[in-house]
$ cat query-v3.csv   # CSV, C-alpha atoms
chain,number,residue,atom,x,y,z
A,635,MET,CA,-152.8,-86.3,-57.7
A,636,LYS,CA,-154.5,-88.5,-55.1
A,637,TYR,CA,-155.3,-92.1,-55.7
A,638,LEU,CA,-157.5,-94.4,-53.7
A,639,TYR,CA,-156.5,-98.1,-53.5
A,640,THR,CA,-159.2,-100.4,-52.4
A,641,PHE,CA,-158.4,-104.0,-51.5
A,642,TYR,CA,-160.8,-106.9,-52.0
A,643,ALA,CA,-160.2,-110.3,-50.6
A,644,GLU,CA,-162.0,-113.4,-49.3
A,645,GLU,CA,-162.4,-112.9,-45.5
A,646,ARG,CA,-162.2,-116.7,-44.9
A,647,VAL,CA,-158.6,-116.6,-46.2
A,648,MET,CA,-157.7,-113.5,-44.2
A,649,GLU,CA,-158.9,-115.1,-41.0
A,650,SER,CA,-157.2,-118.4,-41.5
A,651,GLY,CA,-153.6,-117.1,-41.1
A,652,SER,CA,-151.4,-118.3,-38.2
A,653,GLU,CA,-150.1,-115.9,-35.6
A,654,GLU,CA,-146.7,-115.9,-37.3
A,655,GLN,CA,-148.2,-115.0,-40.7
A,656,MET,CA,-150.1,-112.3,-39.0
A,657,SER,CA,-147.0,-110.7,-37.4
A,658,ASP,CA,-145.1,-111.1,-40.7
A,659,ALA,CA,-148.0,-109.3,-42.4
A,660,LEU,CA,-148.0,-106.5,-39.8
A,661,ALA,CA,-144.2,-106.1,-40.2
A,662,ARG,CA,-144.6,-105.8,-44.0
A,663,TRP,CA,-147.4,-103.3,-43.7
A,664,SER,CA,-145.5,-101.1,-41.2
A,665,ALA,CA,-142.4,-101.2,-43.6
A,666,PHE,CA,-144.7,-100.1,-46.5
A,667,ASP,CA,-146.2,-97.4,-44.3
A,668,ARG,CA,-142.8,-96.1,-43.4
A,669,GLU,CA,-141.6,-96.1,-47.1
A,670,ALA,CA,-144.7,-94.3,-48.3
A,671,THR,CA,-144.5,-91.8,-45.4
A,672,ASP,CA,-140.8,-91.1,-46.1
A,673,ALA,CA,-141.5,-90.7,-49.8
A,674,GLY,CA,-144.2,-88.1,-48.9
A,675,VAL,CA,-147.1,-90.0,-50.6
A,676,MET,CA,-148.9,-91.4,-47.6
A,677,ILE,CA,-152.2,-89.8,-46.7
A,678,ALA,CA,-154.2,-92.6,-45.1
A,679,CYS,CA,-154.1,-96.4,-45.0
A,680,GLU,CA,-156.4,-98.5,-43.0
A,681,PRO,CA,-157.5,-102.1,-42.7
A,682,LEU,CA,-161.2,-102.5,-42.1
A,683,GLN,CA,-163.0,-104.7,-39.6
A,684,PRO,CA,-164.7,-107.7,-41.2
A,685,SER,CA,-167.8,-107.1,-43.4
A,686,GLY,CA,-169.9,-108.6,-40.6
A,687,THR,CA,-169.5,-105.3,-38.8
A,688,ALA,CA,-170.7,-103.3,-41.7
A,689,THR,CA,-174.0,-101.3,-41.8
A,690,THR,CA,-175.3,-100.1,-45.1
A,691,ILE,CA,-177.7,-97.3,-45.8
A,692,HIS,CA,-179.5,-97.5,-49.1
A,693,ARG,CA,-181.2,-94.5,-50.7
A,694,ASP,CA,-183.5,-95.2,-53.7
A,695,ALA,CA,-184.2,-92.7,-56.5
A,696,ASN,CA,-187.1,-91.3,-54.6
A,697,GLY,CA,-184.9,-90.5,-51.6
A,698,VAL,CA,-186.3,-93.3,-49.4
A,699,ARG,CA,-183.7,-94.6,-47.0
A,700,THR,CA,-183.3,-98.0,-45.5
A,701,THR,CA,-180.6,-99.2,-43.2
A,702,THR,CA,-179.5,-102.8,-43.2
A,703,ASP,CA,-176.8,-104.8,-41.3
A,704,GLY,CA,-174.1,-106.1,-43.5
A,705,PRO,CA,-172.0,-104.9,-46.4
A,706,PHE,CA,-173.2,-103.3,-49.6
A,707,ALA,CA,-172.3,-106.3,-51.8
A,708,GLU,CA,-173.0,-109.8,-50.5
A,709,SER,CA,-170.1,-111.2,-52.5
A,710,LYS,CA,-167.3,-113.7,-51.7
A,711,GLU,CA,-164.7,-111.0,-51.9
A,712,GLN,CA,-165.1,-108.1,-49.6
A,713,LEU,CA,-163.5,-104.7,-49.1
A,714,ALA,CA,-160.7,-105.4,-46.7
A,715,GLY,CA,-159.0,-102.0,-46.5
A,716,PHE,CA,-157.7,-99.1,-48.4
A,717,CYS,CA,-154.9,-96.6,-48.9
A,718,LEU,CA,-155.1,-93.0,-50.1
A,719,LEU,CA,-151.7,-92.0,-51.6
A,720,ASP,CA,-150.5,-88.8,-53.3
A,721,CYS,CA,-148.7,-89.8,-56.4
A,722,LYS,CA,-147.1,-87.9,-59.3
A,723,SER,CA,-148.7,-89.8,-62.2
A,724,ASP,CA,-150.6,-92.9,-63.2
A,725,GLU,CA,-147.3,-94.7,-63.6
A,726,ASP,CA,-146.2,-93.7,-60.2
A,727,ALA,CA,-149.5,-94.8,-58.7
A,728,LEU,CA,-149.2,-98.2,-60.3
A,729,GLU,CA,-145.7,-98.5,-59.0
A,730,TRP,CA,-146.9,-97.9,-55.5
A,731,ALA,CA,-149.7,-100.5,-56.1
A,732,SER,CA,-147.0,-103.0,-56.8
A,733,LYS,CA,-145.4,-102.3,-53.4
A,734,ILE,CA,-148.6,-102.8,-51.4
A,735,PRO,CA,-147.7,-105.8,-49.3
A,736,ILE,CA,-150.7,-108.0,-49.7
A,737,GLN,CA,-149.7,-111.6,-50.2
A,738,LEU,CA,-153.1,-113.3,-50.1
A,739,ASN,CA,-155.4,-114.0,-53.0
A,740,ALA,CA,-156.7,-110.4,-53.5
A,741,TRP,CA,-157.4,-107.5,-55.8
A,742,ILE,CA,-156.3,-103.9,-55.6
A,743,GLU,CA,-158.5,-101.4,-57.5
A,744,LEU,CA,-156.8,-98.0,-57.9
A,745,ARG,CA,-158.5,-94.9,-59.1
A,746,ALA,CA,-157.6,-91.2,-59.2
A,747,VAL,CA,-159.8,-88.9,-57.1
A,748,LEU,CA,-161.9,-86.2,-58.7
A,749,ASP,CA,-160.1,-82.9,-59.2
A,750,LEU,CA,-162.6,-80.5,-57.6
A,751,SER,CA,-160.6,-77.3,-58.6
A,752,GLN,CA,-162.3,-77.5,-62.0
A,753,TYR,CA,-165.6,-76.7,-60.1
A,754,GLY,CA,-163.9,-74.1,-57.9
A,755,TYR,CA,-163.8,-76.3,-54.9
A,756,GLU,CA,-160.9,-77.7,-52.8
A,757,SER,CA,-160.6,-81.1,-51.2
A,758,ALA,CA,-160.5,-81.0,-47.4
A,759,THR,CA,-158.1,-83.9,-47.3
A,760,LEU,CA,-154.6,-82.8,-46.3
A,761,THR,CA,-151.9,-83.9,-48.6
A,762,PRO,CA,-148.5,-85.0,-47.0
A,763,ALA,CA,-146.9,-81.7,-48.1
A,764,ALA,CA,-149.6,-79.6,-46.4
A,765,ALA,CA,-150.1,-81.8,-43.3
B,1044,MET,CA,-162.7,-94.9,-33.6
B,1045,LYS,CA,-162.4,-94.3,-37.3
B,1046,TYR,CA,-165.1,-95.3,-39.7
B,1047,MET,CA,-164.9,-95.8,-43.4
B,1048,LEU,CA,-167.9,-94.7,-45.3
B,1049,THR,CA,-167.8,-96.1,-48.8
B,1050,LEU,CA,-170.3,-94.6,-51.3
B,1051,PHE,CA,-171.7,-96.7,-54.1
B,1052,GLY,CA,-174.1,-95.6,-56.8
B,1053,PRO,CA,-175.0,-95.6,-60.5
B,1054,GLU,CA,-172.4,-93.6,-62.4
B,1055,GLY,CA,-173.1,-90.5,-64.5
B,1056,GLY,CA,-176.4,-88.6,-64.4
B,1057,MET,CA,-174.8,-85.2,-64.2
B,1058,GLU,CA,-173.6,-84.9,-67.8
B,1059,ASP,CA,-176.6,-82.9,-68.8
B,1060,ALA,CA,-176.7,-80.8,-65.6
B,1061,SER,CA,-176.7,-77.1,-66.0
B,1062,PRO,CA,-173.9,-75.1,-64.4
B,1063,GLU,CA,-176.5,-74.1,-61.7
B,1064,GLU,CA,-177.5,-77.7,-61.0
B,1065,MET,CA,-173.8,-78.7,-60.9
B,1066,LYS,CA,-173.1,-75.9,-58.5
B,1067,ALA,CA,-176.0,-76.9,-56.2
B,1068,GLU,CA,-174.8,-80.5,-56.2
B,1069,MET,CA,-171.2,-79.5,-55.4
B,1070,ASP,CA,-172.3,-77.0,-52.8
B,1071,GLY,CA,-174.2,-79.8,-51.0
B,1072,TRP,CA,-171.1,-82.0,-50.9
B,1073,ALA,CA,-168.8,-79.1,-49.9
B,1074,ALA,CA,-171.2,-78.1,-47.1
B,1075,PHE,CA,-171.3,-81.7,-45.8
B,1076,SER,CA,-167.5,-82.0,-45.9
B,1077,GLN,CA,-167.1,-78.7,-44.2
B,1078,GLU,CA,-169.4,-79.7,-41.4
B,1079,THR,CA,-167.5,-82.9,-40.7
B,1080,VAL,CA,-164.3,-80.7,-40.6
B,1081,ASP,CA,-165.9,-78.2,-38.2
B,1082,LYS,CA,-167.1,-81.0,-35.9
B,1083,GLY,CA,-163.6,-82.6,-35.9
B,1084,ALA,CA,-164.8,-85.8,-37.6
B,1085,PHE,CA,-163.1,-85.4,-40.9
B,1086,VAL,CA,-160.0,-87.4,-41.6
B,1087,ALA,CA,-160.2,-87.8,-45.3
B,1088,GLY,CA,-162.8,-87.8,-48.1
B,1089,GLU,CA,-162.8,-87.8,-51.8
B,1090,GLY,CA,-164.9,-88.3,-54.9
B,1091,LEU,CA,-163.4,-90.7,-57.4
B,1092,GLN,CA,-163.0,-90.5,-61.1
B,1093,PRO,CA,-165.4,-92.8,-63.1
B,1094,SER,CA,-164.8,-96.5,-62.7
B,1095,SER,CA,-163.7,-96.6,-66.4
B,1096,THR,CA,-160.5,-95.0,-65.2
B,1097,ALA,CA,-159.8,-97.7,-62.7
B,1098,THR,CA,-156.9,-100.2,-62.9
B,1099,THR,CA,-157.1,-103.5,-61.0
B,1100,VAL,CA,-154.0,-105.4,-59.8
B,1101,ARG,CA,-154.6,-109.1,-59.3
B,1102,ILE,CA,-152.6,-110.7,-56.5
B,1103,PRO,CA,-152.5,-114.5,-56.8
B,1104,GLY,CA,-152.3,-116.0,-53.3
B,1105,ASP,CA,-149.6,-118.5,-54.3
B,1106,GLY,CA,-146.9,-115.8,-54.5
B,1107,GLY,CA,-147.1,-115.7,-58.3
B,1108,GLU,CA,-146.7,-112.7,-60.4
B,1109,ARG,CA,-149.2,-109.8,-60.1
B,1110,SER,CA,-151.2,-109.0,-63.2
B,1111,VAL,CA,-152.7,-105.6,-64.1
B,1112,THR,CA,-156.0,-105.1,-66.0
B,1113,ASP,CA,-157.9,-102.0,-66.9
B,1114,GLY,CA,-161.3,-101.4,-65.3
B,1115,PRO,CA,-162.7,-101.8,-61.8
B,1116,PHE,CA,-162.6,-104.9,-59.6
B,1117,ALA,CA,-166.3,-105.5,-60.0
B,1118,GLU,CA,-168.3,-104.9,-63.2
B,1119,SER,CA,-171.5,-103.9,-61.5
B,1120,LYS,CA,-174.1,-101.3,-62.2
B,1121,GLU,CA,-173.4,-99.5,-58.9
B,1122,GLN,CA,-169.8,-98.5,-58.5
B,1123,LEU,CA,-167.6,-97.1,-55.8
B,1124,GLY,CA,-167.9,-93.3,-56.2
B,1125,GLY,CA,-166.2,-91.9,-53.2
B,1126,PHE,CA,-165.6,-92.2,-49.5
B,1127,TYR,CA,-165.3,-90.4,-46.2
B,1128,LEU,CA,-163.0,-91.5,-43.4
B,1129,LEU,CA,-164.5,-90.1,-40.2
B,1130,GLU,CA,-163.5,-90.1,-36.6
B,1131,CYS,CA,-166.7,-90.9,-34.6
B,1132,LYS,CA,-167.3,-91.9,-31.0
B,1133,ASP,CA,-169.4,-94.9,-32.0
B,1134,LEU,CA,-171.3,-96.5,-34.9
B,1135,ASP,CA,-174.4,-94.4,-34.1
B,1136,GLU,CA,-172.5,-91.2,-34.8
B,1137,ALA,CA,-171.0,-92.7,-38.0
B,1138,LEU,CA,-174.5,-93.6,-39.2
B,1139,GLU,CA,-175.8,-90.1,-38.4
B,1140,TRP,CA,-173.2,-88.7,-40.7
B,1141,ALA,CA,-173.8,-91.3,-43.3
B,1142,LYS,CA,-177.6,-90.5,-43.4
B,1143,ARG,CA,-176.8,-86.9,-44.2
B,1144,ILE,CA,-174.3,-87.6,-47.0
B,1145,PRO,CA,-175.9,-85.9,-50.1
B,1146,LEU,CA,-175.8,-89.0,-52.3
B,1147,ARG,CA,-178.8,-88.9,-54.6
B,1148,ALA,CA,-179.2,-92.6,-55.0
B,1149,GLY,CA,-177.1,-95.6,-54.1
B,1150,ALA,CA,-175.7,-97.0,-50.9
B,1151,ILE,CA,-173.3,-96.1,-48.2
B,1152,GLU,CA,-171.4,-98.9,-46.4
B,1153,VAL,CA,-170.2,-97.9,-42.9
B,1154,ARG,CA,-167.4,-100.0,-41.3
B,1155,PRO,CA,-165.0,-99.4,-38.4
B,1156,VAL,CA,-161.3,-99.6,-39.2
B,1157,MET,CA,-159.2,-102.4,-37.7
B,1158,VAL,CA,-157.0,-101.4,-34.8
B,1159,PHE,CA,-153.9,-103.4,-33.9
B,1160,ASP,CA,-152.1,-103.3,-30.6
B,1161,THR,CA,-148.7,-102.5,-31.9
B,1162,PRO,CA,-145.8,-101.8,-29.5
$ encode --input "query-v3.csv" --output "structure tokens"
Amino acid sequence: MKYLYTFYAEERVMESGSEEQMSDALARWSAFDREATDAGVMIACEPLQPSGTATTIHRDANGVRTTTDGPFAESKEQLAGFCLLDCKSDEDALEWASKIPIQLNAWIELRAVLDLSQYGYESATLTPAAA
Amino acid sequence: MKYMLTLFGPEGGMEDASPEEMKAEMDGWAAFSQETVDKGAFVAGEGLQPSSTATTVRIPGDGGERSVTDGPFAESKEQLGGFYLLECKDLDEALEWAKRIPLRAGAIEVRPVMVFDTP
């Protein structure tokens, strides 16, 4: 079962780190990446550029589309990155959440993906076993 | 450059859909996904289970213990419902894909991923 982990944090805090903190963080992330890859759970994991680089397309109930600069939610905490992991169970997924090496004031939301096979479809995302 | 397209919208709405309506909805998504695969843009993409199934882990910035709560990070009317991670040559291409995502109502946030120069 695939789980999406989305990370939310204050960008001000993320940008205030020293160079040393930054290189420590990168080392922790690459260790996490290696561990998840070796365990066969890693599908994708990406940090995102700051929310200032976001573009949002809104579509109202009548199908009218508008495009605006900026993120979907103008909140203090912004989506900062995500991981998509292939876990055995909810417990396993929570265990991996505890290993995600975020040290800042942040939140990780994790949620299982929809199982499309009940509708006769298949996800196009390659799992580690198939990749 | 990879772009993350996060899809937000009101939850539900398909509970009373007939099997035919459900199939039409799913076919639309499958066709879109297949086209991104065929054009070499697709990296990953998934719909998510409802936000009521979400678990949120709070990480205090002071190195304190993490706490776990049921429910999504934000209790808002529009929730994260899915995403596509697409390889595009630029933002314009990412926006072209985003405009064609068969989301009935809601919003799609498009953002480039961060690239680090690692040895």
$ interface_residues --input "query-v3.csv" --of "chain B" --to "chain A" --cutoff "9 Å" --atoms "only C-alpha atoms" --output "tab-separated table (two decimals) with C-alpha atoms, in the coordinates of the input"
chain	number	residue	atom	x	y	z
B	1046	TYR	CA	-165.10	-95.30	-39.70
B	1047	MET	CA	-164.90	-95.80	-43.40
B	1051	PHE	CA	-171.70	-96.70	-54.10
B	1065	MET	CA	-173.80	-78.70	-60.90
B	1066	LYS	CA	-173.10	-75.90	-58.50
B	1069	MET	CA	-171.20	-79.50	-55.40
B	1070	ASP	CA	-172.30	-77.00	-52.80
B	1073	ALA	CA	-168.80	-79.10	-49.90
B	1076	SER	CA	-167.50	-82.00	-45.90
B	1077	GLN	CA	-167.10	-78.70	-44.20
B	1080	VAL	CA	-164.30	-80.70	-40.60
B	1085	PHE	CA	-163.10	-85.40	-40.90
B	1086	VAL	CA	-160.00	-87.40	-41.60
B	1087	ALA	CA	-160.20	-87.80	-45.30
B	1088	GLY	CA	-162.80	-87.80	-48.10
B	1089	GLU	CA	-162.80	-87.80	-51.80
B	1090	GLY	CA	-164.90	-88.30	-54.90
B	1091	LEU	CA	-163.40	-90.70	-57.40
B	1092	GLN	CA	-163.00	-90.50	-61.10
B	1093	PRO	CA	-165.40	-92.80	-63.10
B	1094	SER	CA	-164.80	-96.50	-62.70
B	1096	THR	CA	-160.50	-95.00	-65.20
B	1097	ALA	CA	-159.80	-97.70	-62.70
B	1098	THR	CA	-156.90	-100.20	-62.90
B	1099	THR	CA	-157.10	-103.50	-61.00
B	1100	VAL	CA	-154.00	-105.40	-59.80
B	1101	ARG	CA	-154.60	-109.10	-59.30
B	1102	ILE	CA	-152.60	-110.70	-56.50
B	1103	PRO	CA	-152.50	-114.50	-56.80
B	1104	GLY	CA	-152.30	-116.00	-53.30
B	1105	ASP	CA	-149.60	-118.50	-54.30
B	1106	GLY	CA	-146.90	-115.80	-54.50
B	1109	ARG	CA	-149.20	-109.80	-60.10
B	1114	GLY	CA	-161.30	-101.40	-65.30
B	1115	PRO	CA	-162.70	-101.80	-61.80
B	1116	PHE	CA	-162.60	-104.90	-59.60
B	1125	GLY	CA	-166.20	-91.90	-53.20
B	1134	LEU	CA	-171.30	-96.50	-34.90
B	1138	LEU	CA	-174.50	-93.60	-39.20
B	1141	ALA	CA	-173.80	-91.30	-43.30
B	1142	LYS	CA	-177.60	-90.50	-43.40
B	1146	LEU	CA	-175.80	-89.00	-52.30
B	1147	ARG	CA	-178.80	-88.90	-54.60
B	1148	ALA	CA	-179.20	-92.60	-55.00
B	1149	GLY	CA	-177.10	-95.60	-54.10
B	1150	ALA	CA	-175.70	-97.00	-50.90
B	1151	ILE	CA	-173.30	-96.10	-48.20
B	1152	GLU	CA	-171.40	-98.90	-46.40
B	1153	VAL	CA	-170.20	-97.90	-42.90
B	1154	ARG	CA	-167.40	-100.00	-41.30
B	1155	PRO	CA	-165.00	-99.40	-38.40
B	1156	VAL	CA	-161.30	-99.60	-39.20
B	1157	MET	CA	-159.20	-102.40	-37.70
B	1158	VAL	CA	-157.00	-101.40	-34.80
B	1159	PHE	CA	-153.90	-103.40	-33.90
B	1161	THR	CA	-148.70	-102.50	-31.90
$ residues_around --input "query-v3.csv" --residues "segment 1054-1061 of chain B" --least-positions-apart "2" --cutoff "7 Å" --atoms "only C-alpha atoms" --output "PyMOL selection string"
chain B and resi 1052+1063-1065+1121-1122
$ closest_residue --input "query-v3.csv" --among "A:Lys710, A:Pro762, A:Ala727, A:Lys733" --to "Arg646 of chain A" --atoms "all atoms listed in the file"
A:Lys710
$ atom_distance --input "query-v3.csv" --atom1 "atom CA of Glu1078 of chain B" --atom2 "atom CA of Lys1045 of chain B"
16.7 Å
$ atom_distance --input "query-v3.csv" --atom1 "atom CA of Gly1124 of chain B" --atom2 "atom CA of Glu725 of chain A"
21.9 Å
$ atom_distance --input "query-v3.csv" --atom1 "atom CA of Lys1082 of chain B" --atom2 "atom CA of Asp667 of chain A"
27.9 Å
$ axis_aligned_box --input "query-v3.csv" --around "segment 688-705 of chain A" --padding-each-side "4 Å" --output "AutoDock Vina command-line options"
--center_x -178.9 --center_y -98.3 --center_z -48.9 --size_x 24.4 --size_y 23.6 --size_z 23.2
$ decode --input "query-v3.csv" --residues "segment 1078-1109 of chain B" --atoms "N, CA and C atoms" --output "tab-separated table (two decimals), in the first residue's frame"
chain	number	residue	atom	x	y	z
B	1078	GLU	N	-1.86	9.72	-20.82
B	1078	GLU	CA	-1.23	10.66	-21.74
B	1078	GLU	C	0.08	11.20	-21.18
B	1079	THR	N	0.11	11.46	-19.85
B	1079	THR	CA	1.37	11.93	-19.25
B	1079	THR	C	2.43	10.84	-19.33
B	1080	VAL	N	2.01	9.59	-19.22
B	1080	VAL	CA	2.95	8.46	-19.36
B	1080	VAL	C	3.48	8.42	-20.79
B	1081	ASP	N	2.54	8.47	-21.76
B	1081	ASP	CA	2.92	8.37	-23.18
B	1081	ASP	C	3.87	9.49	-23.61
B	1082	LYS	N	3.68	10.69	-23.02
B	1082	LYS	CA	4.51	11.83	-23.41
B	1082	LYS	C	5.79	11.89	-22.58
B	1083	GLY	N	5.99	10.91	-21.72
B	1083	GLY	CA	7.23	10.85	-20.94
B	1083	GLY	C	7.27	11.83	-19.77
B	1084	ALA	N	6.13	12.38	-19.39
B	1084	ALA	CA	6.10	13.36	-18.29
B	1084	ALA	C	5.85	12.71	-16.93
B	1085	PHE	N	5.18	11.58	-16.94
B	1085	PHE	CA	4.74	10.97	-15.68
B	1085	PHE	C	5.91	10.46	-14.84
B	1086	VAL	N	5.96	10.87	-13.58
B	1086	VAL	CA	6.92	10.30	-12.63
B	1086	VAL	C	6.14	9.52	-11.57
B	1087	ALA	N	5.11	10.17	-11.01
B	1087	ALA	CA	4.25	9.51	-10.04
B	1087	ALA	C	2.94	10.27	-9.99
B	1088	GLY	N	1.89	9.60	-9.55
B	1088	GLY	CA	0.60	10.26	-9.42
B	1088	GLY	C	-0.36	9.34	-8.72
B	1089	GLU	N	-1.12	9.89	-7.78
B	1089	GLU	CA	-2.04	9.06	-7.01
B	1089	GLU	C	-3.21	9.90	-6.54
B	1090	GLY	N	-4.35	9.24	-6.40
B	1090	GLY	CA	-5.46	9.82	-5.66
B	1090	GLY	C	-5.31	9.37	-4.22
B	1091	LEU	N	-5.78	10.18	-3.29
B	1091	LEU	CA	-5.63	9.81	-1.88
B	1091	LEU	C	-6.95	9.39	-1.28
B	1092	GLN	N	-6.87	8.57	-0.25
B	1092	GLN	CA	-8.07	8.24	0.52
B	1092	GLN	C	-8.54	9.51	1.25
B	1093	PRO	N	-9.80	9.55	1.67
B	1093	PRO	CA	-10.35	10.77	2.27
B	1093	PRO	C	-9.50	11.28	3.46
B	1094	SER	N	-9.59	12.58	3.69
B	1094	SER	CA	-8.75	13.19	4.72
B	1094	SER	C	-9.07	12.64	6.11
B	1095	SER	N	-10.25	12.03	6.27
B	1095	SER	CA	-10.59	11.43	7.58
B	1095	SER	C	-9.67	10.25	7.90
B	1096	THR	N	-9.01	9.71	6.90
B	1096	THR	CA	-8.08	8.60	7.13
B	1096	THR	C	-6.66	9.08	7.42
B	1097	ALA	N	-6.48	10.41	7.39
B	1097	ALA	CA	-5.12	10.95	7.56
B	1097	ALA	C	-4.64	10.86	9.01
B	1098	THR	N	-3.35	10.77	9.16
B	1098	THR	CA	-2.69	10.85	10.46
B	1098	THR	C	-1.68	11.98	10.35
B	1099	THR	N	-1.57	12.78	11.40
B	1099	THR	CA	-0.61	13.89	11.35
B	1099	THR	C	0.40	13.75	12.48
B	1100	VAL	N	1.66	13.86	12.11
B	1100	VAL	CA	2.75	13.80	13.09
B	1100	VAL	C	3.26	15.22	13.30
B	1101	ARG	N	3.25	15.65	14.54
B	1101	ARG	CA	3.71	17.00	14.88
B	1101	ARG	C	5.16	16.91	15.32
B	1102	ILE	N	6.00	17.72	14.69
B	1102	ILE	CA	7.42	17.72	15.06
B	1102	ILE	C	7.74	19.07	15.73
B	1103	PRO	N	7.96	19.07	17.03
B	1103	PRO	CA	8.31	20.34	17.68
B	1103	PRO	C	9.73	20.72	17.27
B	1104	GLY	N	9.96	21.99	17.01
B	1104	GLY	CA	11.26	22.42	16.50
B	1104	GLY	C	12.38	22.33	17.52
B	1105	ASP	N	12.02	22.09	18.80
B	1105	ASP	CA	13.05	22.12	19.85
B	1105	ASP	C	13.67	20.74	20.10
B	1106	GLY	N	13.39	19.80	19.22
B	1106	GLY	CA	13.96	18.47	19.40
B	1106	GLY	C	13.14	17.61	20.36
B	1107	GLY	N	12.00	18.13	20.82
B	1107	GLY	CA	11.12	17.38	21.71
B	1107	GLY	C	10.46	16.21	21.01
B	1108	GLU	N	9.69	15.48	21.79
B	1108	GLU	CA	9.08	14.27	21.24
B	1108	GLU	C	8.00	14.58	20.21
B	1109	ARG	N	7.91	13.73	19.22
B	1109	ARG	CA	6.88	13.88	18.19
B	1109	ARG	C	5.55	13.38	18.72
